[in-house]
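This report concerns only the one structure given below.
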Amino acid sequence: MRVCIVYDHLYPQTIGGAERWLRDLALRLAAAGHAVTYLTMRHWEAGNEPSLPGVRVVGVVPARDVYSDARRTLGPPLRFGVGVAWHLLRHGREYDVVHAGSFPYFSLVGAALARRRGGYPLEVEWYEVWTRRYWRRYAGPLVGTIGWLVQRGCVRLPHRAYCFSRLTARQLVAEGYRGEPLVLPGIYAGSAVAAVNGVDPALVVYAGRHVREKRLDALLAGLHWARGRRPDLRLDLYGDGPDRARIESLAGELSLRESVRFLGRRPEQEVESAFARAACLATASEREGYGLVVVEAAAHGTPSVVVAGPENAATELVQENVNGAVAADPSPEQIGSALLRVVDAGPALRTSTSQWFAATADSLRLDRSLEVVLQSYAS
């Protein structure tokens, strides 16, 4: 089949669960003999173009400033949407299916507008669906309401919808999707990893974007609270983003400069090694469409700390005292207590986490989701 994947980010030029899944999906489709094109923004310099074996990567527009003050800007998604529409108007008939990420919506609108001429079915990945309340909190009353209306219009476009969590599927139907979303089993592309002997019993690891909705400020405040009871705790932060300078400043204000390291973007192998060494993975994110890092950490026997919330599907992957802990809210006391529960549990919880991964791994693997996607394409 001739498949066109559409998303404005591409791993590892940018770091996130959505782009990792679509990168892996593209590679698996290509390895199975399908012709794959990946439309994205140009997050790279000339002469340093990405190379995905068997995949044609097309940067339709330059990325420029995707974030401003840790929030998505409007210009780049609009330009990307126009670029996607223009590409598919010219080349849409060359594809048997167009598989698009939903957010930030304008590319989805572009693919839908070009569909009549291209004649392709439209498959859409819904990583998250935001409520009207969250939109208004994220972008303000006016812009948030407009964003919610645009999302609602995209939900109602004719397409086949995929989700990675029951939470997102329920929200999609509540926002007006006319059909039953396909909930994909999982997106983990690796396998179980043998336990290592060099686990650091005081090391907490975070890996992801440095943007406001990840609430790294709450994570640092929770670490500060926990260090009042266990002073040896340390935090390694992997990734980058527009909120990094603010968080570095906060680390100084909380007297955490000696116990928090900002390691930036690092190779996948180095992040995997950090997962294996850590006493736990921690994220205070207020919204997640899935929570891939929880699964990746569990593959190494490393438990996770997440924060409960109406927009956070990562809590579906964490069972208290089985493979981690769930903080009831983002307060320093709740996050700090969850960190201490996991770190103090020591090897017993690591053993339990490995057992949880072994019992659920088959249902979490990318191959299972790929089977569902291919069956959907064929139908």
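In the structure tokens, chains take letters A, B, ... by order of appearance, with residues numbered from 1 within each chain and ligands from 1 in the order shown.
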Each residue of range 251-316 of chain A with at least one atom at most 7 Å from range 354-368 of chain A should appear once, together with its nearest atom pair and the corresponding distance in Å (one decimal); atoms considered: only C-alpha atoms; ordering: chain, then increasing residue number; output as JSON lines.
{"residue": "A:Ala298", "atom": "CA", "partner": "A:Phe357", "partner_atom": "CA", "distance": 6.0}
{"residue": "A:Ala299", "atom": "CA", "partner": "A:Phe357", "partner_atom": "CA", "distance": 6.1}
{"residue": "A:Gly301", "atom": "CA", "partner": "A:Ser354", "partner_atom": "CA", "distance": 4.4}
Which polymer residues have any atom within 9 Å of an atom of Val318 in chain A, counting only C-alpha atoms, with same-chain residues fewer than 3 positions away left out, as a PyMOL selection string? chain A and resi 294+303-306+314-315+321-326
If you run DSSP on the backbone, which residues of range 197-326 of chain A are helix (DSSP H, G or I), as a VMD selection string? chain A and resid 212 to 214 216 to 227 244 to 253 268 to 277 292 to 298 313 to 317
Nearest to Thr283 in chain A among A:Gly81, A:Gly140, A:Gly336, A:Gly179, with distances taken over only C-alpha atoms: which residue is it? A:Gly336
Need the shell around range 90-98 of chain A: protein/DNA/RNA residues with any atom at most 7 Å away, counting only C-alpha atoms. Skip same-chain ones fewer than 5 positions apart. Format as an mmCIF file with C-alpha atoms, in the first residue's frame?
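Once written, selection-v7.cif looks like this:
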data_model
loop_
_atom_site.group_PDB
_atom_site.id
_atom_site.type_symbol
_atom_site.label_atom_id
_atom_site.label_comp_id
_atom_site.auth_asym_id
_atom_site.auth_seq_id
_atom_site.Cartn_x
_atom_site.Cartn_y
_atom_site.Cartn_z
ATOM 1 C CA MET A 1 0.000 0.000 0.000
ATOM 2 C CA ARG A 2 1.012 3.649 -0.474
ATOM 3 C CA VAL A 3 0.707 5.376 2.892
ATOM 4 C CA CYS A 4 1.131 9.066 3.683
ATOM 5 C CA ILE A 5 1.725 9.898 7.348
ATOM 6 C CA GLY A 118 -7.064 12.792 -3.873
ATOM 7 C CA GLY A 119 -9.713 10.143 -3.288
ATOM 8 C CA TYR A 120 -7.961 8.679 -0.230
ATOM 9 C CA PRO A 121 -9.505 7.538 3.069
ATOM 10 C CA LEU A 122 -8.481 9.611 6.086
ATOM 11 C CA GLU A 123 -7.247 7.892 9.260
#
Which residues of range 49-137 of chain A come within 8 Å of range 155-177 of chain A, and for each one, what is the closest pair of atoms and their distance in Å to one decimal, counting only C-alpha atoms, sorted by chain and residue number, as a Markdown table?
| residue | atom | partner | partner_atom | distance |
| --- | --- | --- | --- | --- |
| A:Ala112 | CA | A:Leu157 | CA | 7.6 |
| A:Pro121 | CA | A:His159 | CA | 7.3 |
| A:Leu122 | CA | A:His159 | CA | 5.2 |
| A:Glu123 | CA | A:Arg160 | CA | 4.9 |
| A:Val124 | CA | A:Ala161 | CA | 5.0 |
| A:Glu125 | CA | A:Tyr162 | CA | 4.9 |
| A:Trp126 | CA | A:Cys163 | CA | 5.2 |
| A:Tyr127 | CA | A:Cys163 | CA | 6.0 |
| A:Glu128 | CA | A:Thr168 | CA | 5.7 |
| A:Val129 | CA | A:Thr168 | CA | 6.0 |
| A:Trp130 | CA | A:Gln171 | CA | 7.7 |
| A:Thr131 | CA | A:Gln171 | CA | 7.7 |
So how far away is CA of Gly228 in chain A from CA of Leu263 in chain A, in Å?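 Those two atoms sit 24.2 Å apart.
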Separating CA of Arg23 in chain A from CA of Ala100 in chain A, to the nearest tenth of an Å, is a gap of 12.4 Å
Looking only at strand (DSSP E or B) from DSSP on the backbone, list the matching residues of range 72-216 of chain A as a PyMOL selection string. chain A and resi 72+97-101+122-126+160-163+182-183+188+203-207
Fewer than 3 positions away in the same chain doesn't count, so skip those; otherwise give me all residues within 7 Å of range 247-249 of chain A, counting only C-alpha atoms, as an MDAnalysis selection string. chainID A and resid 216:217 243:244 252:253
Just to be explicit: take each residue in the selection above, keep C-alpha atoms, and write the result as a JSON list (two decimals), in the first residue's frame.
[["chain", "number", "residue", "atom", "x", "y", "z"],
["A", 216, "LEU", "CA", 8.15, 20.53, 35.98],
["A", 217, "ASP", "CA", 7.76, 23.26, 38.59],
["A", 243, "ASP", "CA", 10.06, 26.31, 29.84],
["A", 244, "ARG", "CA", 13.60, 25.17, 30.64],
["A", 252, "GLY", "CA", 18.05, 27.79, 42.21],
["A", 253, "GLU", "CA", 15.27, 29.35, 44.25]]
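Of the listed residues (A:Ala30, A:Leu203, A:Ala63, A:Val36), A:Ala63 comes nearest to Phe80 in chain A; the distances count only C-alpha atoms.
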Between A:Gly186, A:Tyr38, A:Phe275, A:Pro53, which residue has the minimum interatomic distance to Trp21 in chain A, considering only C-alpha atoms?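 Among the listed residues, A:Gly186 lies closest to Trp21 in chain A.
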Considering only C-alpha atoms, return as a list in words whatever protein or nucleic-acid residues lie within 10 Å of Asp344 in chain A, sequence-local ones (same chain, fewer than 6 positions apart) excluded.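 Near neighbours after the sequence-gap exclusion: Pro201, Ala202, Arg230, Ala279 and Ala338 of chain A.
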I need the residue nearest Val84 in chain A from this list: A:Tyr188, A:Trp135, A:Trp225, A:Tyr7. Use only C-alpha atoms for the distance.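 The answer is A:Tyr7, which sits nearest to Val84 in chain A.
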My list of candidates is A:Ala278, A:Phe106, A:Ala226, A:Ala31. Which is closest to Arg341 in chain A when distances are computed with only C-alpha atoms? A:Ala226
